[in-house]
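What follows is one structure encoded as structure tokens, with my remarks underneath.
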Amino acid sequence: MHQDINKLFQGLWDDYIKITPSASKIHQLLEAKTGMPDIINDHIALRTFNLESVNLNKLAAHFLALGYEQKGDYDFATKKLTAQHFEHPDRKQPKVFISELRVDELSETAQEIINKMVSSIDPQAIESDNFLYSGTHWVVSHDDYKTLLAESEYAAWMAAWGYRANHFTVSVNNFAVGVNHLNRIDDLTDVNDILKQAGFKLNTSGGEIKGGEDVCLAQSSTMADSSEVVFADSTVSIPSCFYEFAQRYKMVNGEYYQGFVAASADKIFESTNAQ
């Protein structure tokens, strides 16, 4: 496991932008608009299955070893997901959101495909430094991908992309020091306008902005890039990863809210939808 938080996040970022080139372009766009060289990352999200060898706890162990602490629990009934978020005592470090698919709630056919995929992962790989950005450890057919897609967009995405950051998130405001993270851009609406003017497509499920000041968190995201996946029987271009934007608000106690809003996150998951 990684000894260094910055190296872990650099590894995750380098892997992410290979299949999400729009994230680099957005980074450059926001840097140019704000005159700020460092775009602050609010959080990343990782996906997995609730199978014992690779469950949420196995992924979380990589972050717990670096001083992260588990903070929130979430349930997404219709998507059959359980999730937790983690925070580091150093507020400048990104939060981490990890979800797992409840495989036992899928059809037997889907369960067989997923169990076969996971069984091909070397147990030692799960402990290794780069596991969280190691991609797939299996080869699936395009037919199996489509079988999963019919039941769970999330399962199909995992089959195609495996272990990597599903998204990074631009922080619109700096809760750590109470200042704006995007100099000269005050509001998530302004960020969205800049993105749309530059031709980026936003996720409109549940509205362009999910949440708001009333729940102390507003979020928006791009729709995922498309990238080629080599399946066992064909190479197909499918949705890869996306970029999210988060604006946090103060709670009644004057502290900035650090958690996540399940109703909003539910819609953010749809940024990778292939349908």
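Scheme for the structure tokens: letters A, B, ... for chains in order shown; per-chain residue numbers from 1; ligand numbers from 1 in order shown.
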
Ile238 of chain A environment, 10 Å, only C-alpha atoms, sequence neighbours closer than 2 positions dropped, as a list in words: Trp157, Ala160, Trp161, Ala224, Asp225, Ser226, Ser227, Glu228, Val229, Thr235, Val236, Ser240, Cys241, Thr272, Asn273 and Ala274 of chain A

Could those selected residues go to a file with all heavy atoms, as a compact mmCIF listing (two decimals), in the first residue's frame?
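Saved as result_35.txt:
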```txt
# COMPACT_ATOMS: atom_id res chain seq x y z
N TRP A 157 -20.04 -0.67 -16.20
CA TRP A 157 -18.89 0.25 -16.14
C TRP A 157 -17.70 -0.45 -15.48
O TRP A 157 -16.57 -0.39 -15.98
CB TRP A 157 -19.26 1.52 -15.37
CG TRP A 157 -18.19 2.58 -15.43
CD1 TRP A 157 -18.10 3.60 -16.35
CD2 TRP A 157 -17.04 2.72 -14.57
NE1 TRP A 157 -16.98 4.35 -16.10
CE2 TRP A 157 -16.31 3.83 -15.02
CE3 TRP A 157 -16.56 2.00 -13.48
CZ2 TRP A 157 -15.12 4.26 -14.42
CZ3 TRP A 157 -15.37 2.42 -12.87
CH2 TRP A 157 -14.68 3.54 -13.34
N ALA A 160 -16.02 -2.96 -17.74
CA ALA A 160 -15.22 -2.34 -18.80
C ALA A 160 -13.96 -1.65 -18.28
O ALA A 160 -12.91 -1.70 -18.91
CB ALA A 160 -16.08 -1.33 -19.56
N TRP A 161 -14.07 -0.99 -17.11
CA TRP A 161 -13.00 -0.10 -16.66
C TRP A 161 -12.26 -0.55 -15.41
O TRP A 161 -11.14 -0.13 -15.16
CB TRP A 161 -13.55 1.32 -16.45
CG TRP A 161 -14.09 1.90 -17.72
CD1 TRP A 161 -15.38 2.19 -18.02
CD2 TRP A 161 -13.33 2.25 -18.89
NE1 TRP A 161 -15.49 2.70 -19.29
CE2 TRP A 161 -14.24 2.75 -19.85
CE3 TRP A 161 -11.97 2.19 -19.22
CZ2 TRP A 161 -13.85 3.18 -21.12
CZ3 TRP A 161 -11.58 2.62 -20.48
CH2 TRP A 161 -12.51 3.11 -21.41
N ALA A 224 -19.72 11.66 -19.08
CA ALA A 224 -18.44 10.98 -19.26
C ALA A 224 -17.92 11.08 -20.69
O ALA A 224 -18.69 11.14 -21.65
CB ALA A 224 -18.58 9.50 -18.87
N ASP A 225 -16.59 11.11 -20.80
CA ASP A 225 -15.95 10.98 -22.10
C ASP A 225 -16.25 9.58 -22.66
O ASP A 225 -16.66 8.70 -21.93
CB ASP A 225 -14.43 11.12 -21.95
CG ASP A 225 -13.99 12.56 -21.76
OD1 ASP A 225 -14.85 13.42 -21.50
OD2 ASP A 225 -12.78 12.83 -21.85
N SER A 226 -15.97 9.41 -23.95
CA SER A 226 -16.03 8.05 -24.52
C SER A 226 -14.60 7.61 -24.79
O SER A 226 -13.76 8.41 -25.20
CB SER A 226 -16.80 8.05 -25.83
OG SER A 226 -18.18 8.01 -25.53
N SER A 227 -14.34 6.35 -24.53
CA SER A 227 -13.01 5.83 -24.77
C SER A 227 -13.14 4.37 -25.21
O SER A 227 -14.14 3.72 -24.91
CB SER A 227 -12.16 5.95 -23.50
OG SER A 227 -10.79 5.93 -23.80
N GLU A 228 -12.13 3.87 -25.91
CA GLU A 228 -12.22 2.51 -26.45
C GLU A 228 -11.88 1.47 -25.41
O GLU A 228 -10.91 1.60 -24.66
CB GLU A 228 -11.30 2.37 -27.67
CG GLU A 228 -11.83 3.09 -28.89
CD GLU A 228 -11.18 2.60 -30.19
OE1 GLU A 228 -10.06 2.06 -30.14
OE2 GLU A 228 -11.81 2.77 -31.24
N VAL A 229 -12.69 0.42 -25.38
CA VAL A 229 -12.43 -0.73 -24.51
C VAL A 229 -12.23 -1.95 -25.39
O VAL A 229 -13.01 -2.20 -26.32
CB VAL A 229 -13.62 -0.98 -23.55
CG1 VAL A 229 -13.41 -2.27 -22.77
CG2 VAL A 229 -13.78 0.18 -22.60
N THR A 235 -13.66 -4.30 -30.13
CA THR A 235 -13.23 -3.07 -29.48
C THR A 235 -14.34 -2.05 -29.67
O THR A 235 -14.77 -1.80 -30.79
CB THR A 235 -11.91 -2.56 -30.10
OG1 THR A 235 -10.92 -3.56 -29.89
CG2 THR A 235 -11.45 -1.27 -29.43
N VAL A 236 -14.84 -1.51 -28.55
CA VAL A 236 -16.01 -0.63 -28.61
C VAL A 236 -15.74 0.64 -27.81
O VAL A 236 -15.09 0.60 -26.75
CB VAL A 236 -17.25 -1.36 -28.03
CG1 VAL A 236 -18.50 -0.49 -28.17
CG2 VAL A 236 -17.46 -2.70 -28.70
N SER A 240 -16.47 6.55 -20.31
CA SER A 240 -15.37 6.24 -19.39
C SER A 240 -15.60 6.95 -18.05
O SER A 240 -16.35 6.47 -17.21
CB SER A 240 -14.03 6.63 -20.02
OG SER A 240 -14.03 7.99 -20.45
N CYS A 241 -14.98 8.12 -17.87
CA CYS A 241 -15.09 8.83 -16.59
C CYS A 241 -15.54 10.27 -16.85
O CYS A 241 -15.54 10.74 -17.97
CB CYS A 241 -13.75 8.85 -15.86
SG CYS A 241 -13.05 7.21 -15.61
N THR A 272 -22.10 8.41 -16.13
CA THR A 272 -21.43 7.40 -16.96
C THR A 272 -22.43 6.54 -17.72
O THR A 272 -22.06 5.54 -18.32
CB THR A 272 -20.55 6.47 -16.09
OG1 THR A 272 -21.35 5.90 -15.05
CG2 THR A 272 -19.39 7.22 -15.48
N ASN A 273 -23.71 6.92 -17.70
CA ASN A 273 -24.72 6.10 -18.36
C ASN A 273 -24.45 5.92 -19.85
O ASN A 273 -24.15 6.88 -20.56
CB ASN A 273 -26.12 6.68 -18.17
CG ASN A 273 -26.72 6.34 -16.80
OD1 ASN A 273 -26.03 5.82 -15.94
ND2 ASN A 273 -27.99 6.63 -16.63
N ALA A 274 -24.59 4.69 -20.29
CA ALA A 274 -24.39 4.38 -21.70
C ALA A 274 -25.70 4.37 -22.47
O ALA A 274 -25.72 4.47 -23.69
CB ALA A 274 -23.71 3.01 -21.84
```

Using only C-alpha atoms, what table do you get, as CSV, when you list each residue of segment 116-208 of chain A with an atom no more than 9 Å from segment 13-19 of chain A, its nearest pair of atoms, and their distance in Å rounded to one decimal, rows by chain then rising number?
```
residue,atom,partner,partner_atom,distance
A:Tyr133,CA,A:Asp15,CA,6.4
A:Ser134,CA,A:Asp15,CA,8.4
A:Gly135,CA,A:Asp15,CA,8.7
A:Arg164,CA,A:Tyr16,CA,6.9
A:Ala165,CA,A:Tyr16,CA,6.2
A:Asn166,CA,A:Tyr16,CA,7.7
A:His167,CA,A:Tyr16,CA,7.7
A:Phe168,CA,A:Trp13,CA,7.9
```

I need the chosen residues saved as a short mmCIF file (atom, residue, chain, number, x, y, z; two decimals), in the first residue's frame, with N, CA, C and O atoms.
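What ended up in part.cif:
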```cif
data_model
loop_
_atom_site.label_atom_id
_atom_site.label_comp_id
_atom_site.auth_asym_id
_atom_site.auth_seq_id
_atom_site.Cartn_x
_atom_site.Cartn_y
_atom_site.Cartn_z
N TYR A 133 -5.68 2.12 -9.10
CA TYR A 133 -5.71 2.61 -10.49
C TYR A 133 -5.12 1.56 -11.43
O TYR A 133 -4.40 1.85 -12.37
N SER A 134 -5.48 0.30 -11.17
CA SER A 134 -4.92 -0.82 -11.95
C SER A 134 -5.84 -1.28 -13.08
O SER A 134 -5.50 -2.18 -13.84
N GLY A 135 -7.04 -0.66 -13.18
CA GLY A 135 -7.93 -1.01 -14.27
C GLY A 135 -8.56 -2.39 -14.10
O GLY A 135 -8.85 -2.83 -12.99
N ARG A 164 -10.23 2.21 -10.82
CA ARG A 164 -9.66 3.53 -11.15
C ARG A 164 -10.63 4.58 -10.61
O ARG A 164 -11.78 4.27 -10.30
N ALA A 165 -10.18 5.81 -10.54
CA ALA A 165 -11.07 6.89 -10.10
C ALA A 165 -12.17 7.06 -11.15
O ALA A 165 -11.89 7.25 -12.33
N ASN A 166 -13.40 6.99 -10.69
CA ASN A 166 -14.54 7.16 -11.57
C ASN A 166 -14.74 8.64 -11.89
O ASN A 166 -15.19 9.02 -12.96
N HIS A 167 -14.38 9.50 -10.93
CA HIS A 167 -14.31 10.94 -11.20
C HIS A 167 -13.46 11.65 -10.16
O HIS A 167 -13.28 11.16 -9.05
N PHE A 168 -12.92 12.76 -10.58
CA PHE A 168 -12.31 13.76 -9.69
C PHE A 168 -13.31 14.91 -9.60
O PHE A 168 -14.23 14.99 -10.41
#
```

Point-to-point distance from atom CA of Phe131 of chain A to atom CA of Leu8 of chain A, Å rounded to tenths: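 Atom CA of Phe131 of chain A sits 10.0 Å away from atom CA of Leu8 of chain A.
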
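Proximity of A:Asp4, A:Glu105, A:Glu244, A:Asp190 to Lys267 of chain A, computed with only C-alpha atoms, is greatest for A:Glu244.
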
DSSP-assigned strand (DSSP E or B) members of segment 69-242 of chain A, reported as JSON, numbers by chain: {"A": [69, 70, 71, 72, 73, 74, 75, 76, 81, 82, 83, 84, 85, 86, 87, 95, 96, 97, 98, 99, 100, 101, 135, 163, 167, 168, 169, 170, 171, 173, 174, 179, 180, 202, 210, 211, 212, 217, 218, 219, 220, 221, 222, 226, 227, 228, 229, 230, 235, 236, 237, 238, 239, 242]}

Residue with smallest distance to Ala263 of chain A - pool A:Ala60, A:Ala246, A:Ala218, A:Ile114, counting only C-alpha atoms: A:Ala218

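Going from atom CA of Phe245 of chain A over to atom CA of Thr169 of chain A, you cover 5.1 Å.
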
Selection: 6 Å around segment 83-90 of chain A, only C-alpha atoms, excl. self and same-chain fewer than 2 positions, as a PyMOL selection string: chain A and resi 68-74+92-93+95-99

Nearest to Asn173 of chain A by atom-to-atom distance, counting only C-alpha atoms, from A:Ser53, A:Ser24, A:Asn41, A:Ser264: A:Asn41

Nearest residue to Met251 of chain A from the set A:Asn192, A:Met117, A:Asn203, A:Cys216 (distances using only C-alpha atoms):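 Once distances to Met251 of chain A are computed over only C-alpha atoms, the minimum belongs to A:Cys216.
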
DSSP-assigned helix (DSSP H, G or I) among segment 13-249 of chain A, expressed as a ChimeraX atom specification: /A:13-19,21-34,52-54,56-64,103-105,108-119,123-127,131-133,142-151,153-161,188-197,213-215

Selection near Ala156 of chain A, 10 Å with only C-alpha atoms, sequence-local residues under 2 positions removed, as a list of chain:residue names: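 Listing them by chain and then by number gives A:Ala110, A:Ile114, A:His142, A:Asp144, A:Tyr145, A:Lys146, A:Thr147, A:Leu148, A:Leu149, A:Ala150, A:Glu151, A:Ser152, A:Glu153, A:Tyr154, A:Met158, A:Ala159, A:Ala160, A:Trp161, A:Gly162, A:Asn273, A:Ala274.
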
Residue subset to file, keeping N, CA and C atoms, as a PDB file, in the first residue's frame:
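File produced: selection.pdb:
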```pdb
ATOM      1  N   ALA A 110     -25.907 -12.351 -14.154  1.00  0.00           N
ATOM      2  CA  ALA A 110     -25.017 -11.214 -13.868  1.00  0.00           C
ATOM      3  C   ALA A 110     -24.037 -11.571 -12.752  1.00  0.00           C
ATOM      4  N   ILE A 114     -19.860 -11.467 -12.907  1.00  0.00           N
ATOM      5  CA  ILE A 114     -19.075 -10.655 -11.960  1.00  0.00           C
ATOM      6  C   ILE A 114     -18.165 -11.529 -11.110  1.00  0.00           C
ATOM      7  N   HIS A 142     -18.061  -8.513 -25.181  1.00  0.00           N
ATOM      8  CA  HIS A 142     -18.985  -7.389 -25.323  1.00  0.00           C
ATOM      9  C   HIS A 142     -20.406  -7.830 -24.967  1.00  0.00           C
ATOM     10  N   ASP A 144     -21.202 -10.039 -22.633  1.00  0.00           N
ATOM     11  CA  ASP A 144     -21.304 -10.015 -21.163  1.00  0.00           C
ATOM     12  C   ASP A 144     -21.479  -8.583 -20.661  1.00  0.00           C
ATOM     13  N   TYR A 145     -20.752  -7.671 -21.285  1.00  0.00           N
ATOM     14  CA  TYR A 145     -20.886  -6.249 -20.933  1.00  0.00           C
ATOM     15  C   TYR A 145     -22.342  -5.811 -21.131  1.00  0.00           C
ATOM     16  N   LYS A 146     -22.920  -6.184 -22.271  1.00  0.00           N
ATOM     17  CA  LYS A 146     -24.303  -5.781 -22.575  1.00  0.00           C
ATOM     18  C   LYS A 146     -25.308  -6.447 -21.621  1.00  0.00           C
ATOM     19  N   THR A 147     -25.018  -7.683 -21.239  1.00  0.00           N
ATOM     20  CA  THR A 147     -25.864  -8.380 -20.256  1.00  0.00           C
ATOM     21  C   THR A 147     -25.885  -7.611 -18.943  1.00  0.00           C
ATOM     22  N   LEU A 148     -24.703  -7.189 -18.496  1.00  0.00           N
ATOM     23  CA  LEU A 148     -24.624  -6.407 -17.257  1.00  0.00           C
ATOM     24  C   LEU A 148     -25.300  -5.051 -17.424  1.00  0.00           C
ATOM     25  N   LEU A 149     -25.086  -4.434 -18.580  1.00  0.00           N
ATOM     26  CA  LEU A 149     -25.633  -3.103 -18.842  1.00  0.00           C
ATOM     27  C   LEU A 149     -27.162  -3.099 -18.729  1.00  0.00           C
ATOM     28  N   ALA A 150     -27.784  -4.185 -19.154  1.00  0.00           N
ATOM     29  CA  ALA A 150     -29.243  -4.275 -19.106  1.00  0.00           C
ATOM     30  C   ALA A 150     -29.765  -4.263 -17.665  1.00  0.00           C
ATOM     31  N   GLU A 151     -28.901  -4.677 -16.730  1.00  0.00           N
ATOM     32  CA  GLU A 151     -29.310  -4.729 -15.320  1.00  0.00           C
ATOM     33  C   GLU A 151     -28.741  -3.610 -14.469  1.00  0.00           C
ATOM     34  N   SER A 152     -27.506  -3.231 -14.753  1.00  0.00           N
ATOM     35  CA  SER A 152     -26.825  -2.254 -13.901  1.00  0.00           C
ATOM     36  C   SER A 152     -25.748  -1.528 -14.693  1.00  0.00           C
ATOM     37  N   GLU A 153     -25.988  -0.230 -14.927  1.00  0.00           N
ATOM     38  CA  GLU A 153     -24.969   0.593 -15.598  1.00  0.00           C
ATOM     39  C   GLU A 153     -23.641   0.495 -14.834  1.00  0.00           C
ATOM     40  N   TYR A 154     -23.752   0.481 -13.525  1.00  0.00           N
ATOM     41  CA  TYR A 154     -22.589   0.457 -12.634  1.00  0.00           C
ATOM     42  C   TYR A 154     -21.774  -0.818 -12.857  1.00  0.00           C
ATOM     43  N   MET A 158     -17.956  -1.147 -14.366  1.00  0.00           N
ATOM     44  CA  MET A 158     -16.870  -1.871 -13.681  1.00  0.00           C
ATOM     45  C   MET A 158     -16.267  -2.943 -14.580  1.00  0.00           C
ATOM     46  N   ALA A 159     -17.117  -3.658 -15.312  1.00  0.00           N
ATOM     47  CA  ALA A 159     -16.621  -4.723 -16.205  1.00  0.00           C
ATOM     48  C   ALA A 159     -15.675  -4.156 -17.255  1.00  0.00           C
ATOM     49  N   ALA A 160     -16.018  -2.961 -17.736  1.00  0.00           N
ATOM     50  CA  ALA A 160     -15.215  -2.338 -18.798  1.00  0.00           C
ATOM     51  C   ALA A 160     -13.965  -1.650 -18.280  1.00  0.00           C
ATOM     52  N   TRP A 161     -14.070  -0.994 -17.109  1.00  0.00           N
ATOM     53  CA  TRP A 161     -12.996  -0.103 -16.663  1.00  0.00           C
ATOM     54  C   TRP A 161     -12.264  -0.551 -15.410  1.00  0.00           C
ATOM     55  N   GLY A 162     -12.910  -1.345 -14.575  1.00  0.00           N
ATOM     56  CA  GLY A 162     -12.217  -1.866 -13.399  1.00  0.00           C
ATOM     57  C   GLY A 162     -11.880  -0.817 -12.358  1.00  0.00           C
ATOM     58  N   ASN A 273     -23.709   6.920 -17.696  1.00  0.00           N
ATOM     59  CA  ASN A 273     -24.723   6.096 -18.355  1.00  0.00           C
ATOM     60  C   ASN A 273     -24.451   5.918 -19.848  1.00  0.00           C
ATOM     61  N   ALA A 274     -24.593   4.689 -20.291  1.00  0.00           N
ATOM     62  CA  ALA A 274     -24.386   4.378 -21.703  1.00  0.00           C
ATOM     63  C   ALA A 274     -25.701   4.367 -22.471  1.00  0.00           C
TER      64      ALA A 274
END
```
